[in-house]
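What follows is one structure encoded as structure tokens, with my remarks underneath.
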Amino acid sequence: MEKGSNIKFGEAIAVLLMMLVVMGVGVIGFKISPQIPVLVVIALVLLWARFRHFSWNEIHKGITEGVTTGIVPIFIFILIGVLISVWIAAGIIPSLMVAGFHMLSVQWFVPSVFIVCALIGTSIGSAFTTISTVGIALFGMGTTMNLNPALVAGAIISGAIFGDKTSPLSDSTNLAAAIADADLFKHIKNLMWSTIPAFLISLVLYAILGHGAASSDALTKVSSTVNVLSSHYDITWWAALPILLMFVCAFMKIPAIGTLLINITVAVVMIFIENPATKIPDLVKMMETGFVSHTGNQAVDALLSRGGISSMMGTVSLIFMTLSLGGLLMKFDLIQIAMKPLVDRLHRDGDLVTAGIFAGIGVNLFVGEQYLSTILPGKAFKKPFNDHGLDNLALSRVLEDGGTVINYLVPWGVASSFAAGTLGVSTLAFLPFCFFSLLSPVFSILSGYTGIGLKRLPQAGTEE
């Protein structure tokens, strides 16, 4: 019986390329949702596994081990769906939009969006929460100003990714540090060598592309939208309470699940205070299927009719399938086998860093799962990095720059599917404007070849 140890490099590459072709043709070529192409890939991998005499017990174990890592994220996605609907019903997102219209400049709106999302993302440590709350409000403002929706979405997502990447509360940041055996806060500090240049250049690009981009009738349309929101929703100062509550939870280091449950509870209380006649069955239905706006303004109704548990089911199913696929690839060692000959031939630090970056990008392309794009390259490159005298901090930064941030650019990726579904802009549309994700791996590779900011292991007899 042939097992994984007998799988050759060429065979592993052939299986991985088959996966990439099927998903690429399905999602990009036929423009269909990623769930079915991923399901087809899983079926083909299972067919190959049975041909190689892997038992069904091994296959089931691989799926189970893969899915286990995503149980918490799946539950978080469900809670985010509920949060979006109750935040709209309680007037929180409409209030944020109205406040934003009064505070943010029309001429400098896009770079302002990038900065605001970066600050909030850093504070709460969750790109998904940032995109699905403040991001929705900012996106609504941008579309009201007749700005390019893809540009606004790119600024929102880039800012949220920056915050997620640099926050000690972020799951992905903690995972990268843990996989590389690096100290969390030293890891975040070391990230700045690639993160700060990517942030500054992104800010300049958003300022150039977004400056003066609003149409001449933008102010008129903004005024009309504010009137619609004010007449149909409770626009009050206390709508800021849940936002402040998220910061308090972040300061107290309450995990995402606890933070979301607290915010949902507070928003529900606000709904009953603002409208005591609210019926519980109607509230429950809204939490299940999403909020439906009835202002009579087509643009506002399209923006604010969203949320609910059912709206997250597409993303949840994608997470489940990509984690299953990733579990199978780990069980059969396909990615490790494909990378080993390359890793063995790397001699320069820059080559090793570049290979690590592209390994993360490759896992994102093959699997579409953010966590696995950190775990698999981390396991494969830890020893080679140390053998070359590179500190674990060098690896942990590579895992972030090639893994975490790239998932938002892959059409069948979990993060990109969530962002696209939440904002209503396709991944291929906002991809060219997601500058932070595009630039982070570039600066990481430059650090590898120049040695600037590349952390090395201390020499014998010296202090770090």
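By order of appearance in the structure tokens: chains A, B, ..., then residues from 1 within every chain, and ligands from 1 in the order shown.
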
Inset, instruction - Might you pull out every residue within 12 Å of Ala160 in chain A, with only C-alpha atoms counted and same-chain residues fewer than 4 positions away left off, and present them as an NGL selection string? - result: :A and (113-135 or 153-156 or 164-167 or 170 or 199 or 405 or 408 or 415 or 419 or 434 or 436-437)

Inset, instruction - Name the residues in contact with Leu205 in chain A at a cut-off of 10 Å, using only C-alpha atoms, excluding same-chain residues fewer than 6 positions from it; report them as a ChimeraX atom specification. - result: /A:110-111,155,199,211,433,435

Selection from above, N, CA, C and O atoms, as an mmCIF file, in the first residue's frame, can you write it?
```cif
data_model
loop_
_atom_site.group_PDB
_atom_site.id
_atom_site.type_symbol
_atom_site.label_atom_id
_atom_site.label_comp_id
_atom_site.auth_asym_id
_atom_site.auth_seq_id
_atom_site.Cartn_x
_atom_site.Cartn_y
_atom_site.Cartn_z
ATOM 1 N N VAL A 110 -11.318 59.273 0.913
ATOM 2 C CA VAL A 110 -10.729 57.936 0.758
ATOM 3 C C VAL A 110 -9.545 57.722 1.704
ATOM 4 O O VAL A 110 -9.495 56.709 2.412
ATOM 5 N N PRO A 111 -8.539 58.644 1.752
ATOM 6 C CA PRO A 111 -7.456 58.425 2.726
ATOM 7 C C PRO A 111 -7.946 58.466 4.167
ATOM 8 O O PRO A 111 -7.402 57.769 5.033
ATOM 9 N N ALA A 155 -9.867 50.797 0.285
ATOM 10 C CA ALA A 155 -9.364 51.576 1.411
ATOM 11 C C ALA A 155 -9.854 51.010 2.738
ATOM 12 O O ALA A 155 -9.095 50.924 3.720
ATOM 13 N N PHE A 199 2.042 50.964 4.608
ATOM 14 C CA PHE A 199 0.977 51.859 5.064
ATOM 15 C C PHE A 199 1.132 53.253 4.462
ATOM 16 O O PHE A 199 0.167 53.837 3.947
ATOM 17 N N HIS A 211 -8.496 62.055 -3.999
ATOM 18 C CA HIS A 211 -8.628 63.510 -3.854
ATOM 19 C C HIS A 211 -9.440 64.098 -5.002
ATOM 20 O O HIS A 211 -9.134 63.902 -6.170
ATOM 21 N N PHE A 433 -7.103 47.911 -5.721
ATOM 22 C CA PHE A 433 -7.074 49.042 -4.802
ATOM 23 C C PHE A 433 -6.756 48.625 -3.370
ATOM 24 O O PHE A 433 -6.750 49.466 -2.469
ATOM 25 N N PHE A 435 -4.142 48.234 -1.677
ATOM 26 C CA PHE A 435 -2.710 48.511 -1.787
ATOM 27 C C PHE A 435 -1.888 47.915 -0.654
ATOM 28 O O PHE A 435 -0.765 47.449 -0.861
#
```

Inset, instruction - Extract, using only C-alpha atoms, all DNA, RNA and protein residues at most 12 Å from Lys61 in chain A, discarding same-chain residues fewer than 2 positions from it, and format them as a list of chain:residue names. - result: A:Phe54, A:Ser55, A:Trp56, A:Asn57, A:Glu58, A:Ile59, A:Ile63, A:Thr64, A:Glu65, A:Gly66, A:Val67, A:Thr68, A:Ser324, A:Leu325, A:Gly326, A:Gly327, A:Leu328, A:Leu329, A:Met330, A:Lys331, A:Phe332

Inset, instruction - Mind the document's chain letters and residue numbers, and return as JSON, numbers by chain the residues of range 5-240 of chain A that DSSP labels helix (DSSP H, G or I). - result: {"A": [5, 6, 9, 10, 11, 12, 13, 14, 15, 16, 17, 18, 19, 20, 21, 22, 23, 24, 25, 26, 27, 28, 29, 35, 36, 37, 38, 39, 40, 41, 42, 43, 44, 45, 46, 47, 48, 49, 50, 51, 56, 57, 58, 59, 60, 61, 62, 63, 64, 65, 66, 67, 68, 71, 72, 73, 74, 75, 76, 77, 78, 79, 80, 81, 82, 83, 84, 85, 86, 87, 88, 89, 92, 93, 94, 95, 96, 97, 98, 99, 100, 101, 102, 103, 109, 110, 111, 112, 113, 114, 115, 116, 117, 118, 119, 120, 121, 122, 123, 124, 127, 128, 129, 130, 131, 132, 134, 135, 136, 137, 138, 139, 140, 141, 142, 143, 144, 149, 150, 151, 152, 153, 154, 155, 156, 157, 158, 159, 160, 161, 162, 163, 164, 165, 166, 171, 172, 173, 174, 175, 176, 177, 178, 179, 184, 185, 186, 187, 188, 189, 190, 191, 192, 193, 194, 195, 196, 197, 198, 199, 200, 201, 202, 203, 204, 205, 206, 207, 208, 209, 210, 218, 219, 220, 221, 222, 223, 224, 225, 226, 227, 228, 229, 230, 231, 232, 237, 238, 239, 240]}

Legend entry - Pick from A:Thr225, A:Thr315, A:Leu334, A:Ile74, whichever lies nearest to Ala14 in chain A using only C-alpha atoms: A:Leu334

Legend entry - Atomic distance CA of Asn263 in chain A - CA of Phe77 in chain A, expressed in Å with one decimal: 14.3 Å

Could you produce a table of the residues of range 3-45 of chain A lying within 10 Å of range 294-314 of chain A, with the nearest pair of atoms per residue and their separation in Å rounded to one decimal, using only C-alpha atoms, ordered by chain and increasing residue number, as JSON lines?
```
{"residue": "A:Ser33", "atom": "CA", "partner": "A:Gly314", "partner_atom": "CA", "distance": 9.1}
{"residue": "A:Pro34", "atom": "CA", "partner": "A:Gly314", "partner_atom": "CA", "distance": 9.5}
{"residue": "A:Gln35", "atom": "CA", "partner": "A:Gly314", "partner_atom": "CA", "distance": 7.9}
```

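Using only C-alpha atoms, the nearest neighbour of Tyr449 in chain A within the list A:Leu169, A:Leu399, A:Leu352, A:Ala429 is A:Leu352.
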
Inset, instruction - Considering only C-alpha atoms, state which residue in the set A:Asn386, A:Ser396, A:Asn364, A:Ser95 is at the smallest distance from Ile335 in chain A. - result: A:Asn364

Inset, instruction - Write out as a ChimeraX atom specification the residues lying within 12 Å of Leu244 in chain A, counting only C-alpha atoms and excluding same-chain residues fewer than 5 positions away. - result: /A:92,120,123-124,237-239,249-251,259,262-263,266

Selected residues written out, C-alpha atoms, as a PDB file, in the first residue's frame:
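Wrote out_25.pdb, looks like this:
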```pdb
ATOM      1  CA  ILE A  92     -25.955  52.585  15.123  1.00  0.00           C
ATOM      2  CA  ILE A 120     -10.266  50.920  14.732  1.00  0.00           C
ATOM      3  CA  SER A 123      -7.884  48.835  18.655  1.00  0.00           C
ATOM      4  CA  ILE A 124     -10.240  45.867  18.363  1.00  0.00           C
ATOM      5  CA  TRP A 237     -25.262  60.357  20.307  1.00  0.00           C
ATOM      6  CA  TRP A 238     -25.677  57.168  22.297  1.00  0.00           C
ATOM      7  CA  ALA A 239     -25.280  55.146  19.104  1.00  0.00           C
ATOM      8  CA  CYS A 249     -13.624  44.998  25.590  1.00  0.00           C
ATOM      9  CA  ALA A 250     -10.380  45.263  23.634  1.00  0.00           C
ATOM     10  CA  PHE A 251      -8.673  47.012  26.558  1.00  0.00           C
ATOM     11  CA  THR A 259     -17.141  41.103  22.676  1.00  0.00           C
ATOM     12  CA  ILE A 262     -21.970  41.874  24.633  1.00  0.00           C
ATOM     13  CA  ASN A 263     -22.439  44.249  21.692  1.00  0.00           C
ATOM     14  CA  VAL A 266     -26.539  46.154  24.108  1.00  0.00           C
TER      15      VAL A 266
END
```

Inset, instruction - Calculate how many Å separate CA of Leu16 in chain A from CA of Gln336 in chain A, rounding to one decimal. - result: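 That distance, rounded to one decimal, is 11.4 Å.
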
Inset, instruction - Would you mind listing what lies within 8 Å of Gly140 in chain A as a ChimeraX atom specification, with only C-alpha atoms counted and same-chain residues fewer than 3 positions away left out? - result: /A:97,136-137,143-144,300,303

Output N, CA, C and O atoms for every residue in the selection just made, as a PDB file, in the first residue's frame.
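Written file, selection-v4.pdb:
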```
ATOM      1  N   MET A  97     -22.963  56.917   9.923  1.00  0.00           N
ATOM      2  CA  MET A  97     -22.934  57.526   8.598  1.00  0.00           C
ATOM      3  C   MET A  97     -23.196  59.030   8.681  1.00  0.00           C
ATOM      4  O   MET A  97     -22.473  59.828   8.086  1.00  0.00           O
ATOM      5  N   ILE A 136     -19.105  49.225   6.782  1.00  0.00           N
ATOM      6  CA  ILE A 136     -20.374  49.366   6.068  1.00  0.00           C
ATOM      7  C   ILE A 136     -20.823  50.825   6.049  1.00  0.00           C
ATOM      8  O   ILE A 136     -21.274  51.342   5.022  1.00  0.00           O
ATOM      9  N   ALA A 137     -20.684  51.495   7.195  1.00  0.00           N
ATOM     10  CA  ALA A 137     -21.079  52.904   7.269  1.00  0.00           C
ATOM     11  C   ALA A 137     -20.232  53.768   6.330  1.00  0.00           C
ATOM     12  O   ALA A 137     -20.757  54.613   5.588  1.00  0.00           O
ATOM     13  N   THR A 143     -20.348  55.638  -1.429  1.00  0.00           N
ATOM     14  CA  THR A 143     -21.242  55.469  -2.577  1.00  0.00           C
ATOM     15  C   THR A 143     -22.193  56.649  -2.703  1.00  0.00           C
ATOM     16  O   THR A 143     -22.569  57.036  -3.818  1.00  0.00           O
ATOM     17  N   THR A 144     -22.578  57.242  -1.572  1.00  0.00           N
ATOM     18  CA  THR A 144     -23.420  58.439  -1.609  1.00  0.00           C
ATOM     19  C   THR A 144     -22.691  59.586  -2.304  1.00  0.00           C
ATOM     20  O   THR A 144     -23.306  60.392  -3.006  1.00  0.00           O
ATOM     21  N   VAL A 300     -30.293  53.907  -0.260  1.00  0.00           N
ATOM     22  CA  VAL A 300     -30.196  53.672   1.181  1.00  0.00           C
ATOM     23  C   VAL A 300     -30.729  52.289   1.535  1.00  0.00           C
ATOM     24  O   VAL A 300     -30.128  51.562   2.343  1.00  0.00           O
ATOM     25  N   LEU A 303     -28.257  49.604   0.671  1.00  0.00           N
ATOM     26  CA  LEU A 303     -27.101  49.601   1.564  1.00  0.00           C
ATOM     27  C   LEU A 303     -27.431  48.998   2.922  1.00  0.00           C
ATOM     28  O   LEU A 303     -26.636  48.232   3.477  1.00  0.00           O
TER      29      LEU A 303
END
```

Inset, instruction - Write out as a ChimeraX atom specification the residues lying within 9 Å of range 176-184 of chain A, counting only C-alpha atoms and excluding same-chain residues fewer than 4 positions away. - result: /A:168,171-172,188-189,371,374-375,378-379,382,391-400,404

With only C-alpha atoms as the counted atoms, please give the residues lying no more than 12 Å from Thr450 in chain A, apart from itself and same-chain residues fewer than 2 positions off, as a PDB file with N, CA and C atoms, in the first residue's frame.
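Result went into part_29.pdb, see below:
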```
ATOM      1  N   TRP A 193       8.857  46.938   9.923  1.00  0.00           N
ATOM      2  CA  TRP A 193       9.810  47.133   8.828  1.00  0.00           C
ATOM      3  C   TRP A 193       9.136  46.996   7.461  1.00  0.00           C
ATOM      4  N   ARG A 348      20.631  31.987  -0.135  1.00  0.00           N
ATOM      5  CA  ARG A 348      20.669  33.371   0.329  1.00  0.00           C
ATOM      6  C   ARG A 348      19.444  33.673   1.203  1.00  0.00           C
ATOM      7  N   ASP A 349      19.647  34.608   2.141  1.00  0.00           N
ATOM      8  CA  ASP A 349      18.540  34.992   3.021  1.00  0.00           C
ATOM      9  C   ASP A 349      17.360  35.514   2.209  1.00  0.00           C
ATOM     10  N   GLY A 350      17.656  36.322   1.205  1.00  0.00           N
ATOM     11  CA  GLY A 350      16.586  36.888   0.386  1.00  0.00           C
ATOM     12  C   GLY A 350      15.801  35.814  -0.351  1.00  0.00           C
ATOM     13  N   ASP A 351      16.513  34.792  -0.817  1.00  0.00           N
ATOM     14  CA  ASP A 351      15.837  33.686  -1.503  1.00  0.00           C
ATOM     15  C   ASP A 351      14.900  32.950  -0.548  1.00  0.00           C
ATOM     16  N   VAL A 353      13.492  34.140   2.260  1.00  0.00           N
ATOM     17  CA  VAL A 353      12.352  35.007   2.588  1.00  0.00           C
ATOM     18  C   VAL A 353      11.352  35.031   1.437  1.00  0.00           C
ATOM     19  N   PHE A 443       7.715  44.650   0.412  1.00  0.00           N
ATOM     20  CA  PHE A 443       8.693  45.195   1.365  1.00  0.00           C
ATOM     21  C   PHE A 443       9.317  44.097   2.217  1.00  0.00           C
ATOM     22  N   SER A 444       8.610  43.026   2.435  1.00  0.00           N
ATOM     23  CA  SER A 444       9.194  41.905   3.168  1.00  0.00           C
ATOM     24  C   SER A 444      10.315  41.268   2.344  1.00  0.00           C
ATOM     25  N   ILE A 445      10.080  41.119   1.044  1.00  0.00           N
ATOM     26  CA  ILE A 445      11.112  40.560   0.158  1.00  0.00           C
ATOM     27  C   ILE A 445      12.316  41.496   0.077  1.00  0.00           C
ATOM     28  N   LEU A 446      12.071  42.810  -0.023  1.00  0.00           N
ATOM     29  CA  LEU A 446      13.175  43.783  -0.056  1.00  0.00           C
ATOM     30  C   LEU A 446      14.002  43.707   1.226  1.00  0.00           C
ATOM     31  N   SER A 447      13.334  43.504   2.349  1.00  0.00           N
ATOM     32  CA  SER A 447      14.050  43.356   3.621  1.00  0.00           C
ATOM     33  C   SER A 447      14.942  42.126   3.597  1.00  0.00           C
ATOM     34  N   GLY A 448      14.452  41.050   2.958  1.00  0.00           N
ATOM     35  CA  GLY A 448      15.237  39.828   2.890  1.00  0.00           C
ATOM     36  C   GLY A 448      16.516  39.998   2.102  1.00  0.00           C
ATOM     37  N   ILE A 452      17.840  44.870   5.728  1.00  0.00           N
ATOM     38  CA  ILE A 452      17.288  45.929   6.582  1.00  0.00           C
ATOM     39  C   ILE A 452      16.073  45.383   7.335  1.00  0.00           C
ATOM     40  N   GLY A 453      16.145  45.375   8.636  1.00  0.00           N
ATOM     41  CA  GLY A 453      15.040  44.897   9.455  1.00  0.00           C
ATOM     42  C   GLY A 453      14.920  43.388   9.510  1.00  0.00           C
ATOM     43  N   LEU A 454      15.871  42.675   8.924  1.00  0.00           N
ATOM     44  CA  LEU A 454      15.827  41.213   8.934  1.00  0.00           C
ATOM     45  C   LEU A 454      16.480  40.706  10.216  1.00  0.00           C
ATOM     46  N   LYS A 455      15.700  40.134  11.076  1.00  0.00           N
ATOM     47  CA  LYS A 455      16.178  39.716  12.391  1.00  0.00           C
ATOM     48  C   LYS A 455      16.959  38.411  12.287  1.00  0.00           C
TER      49      LYS A 455
END
```

Inset, instruction - Between A:Ile28, A:Val425, A:Ile208, A:Leu138, single out the one closest to Trp108 in chain A, counting only C-alpha atoms. - result: A:Ile208
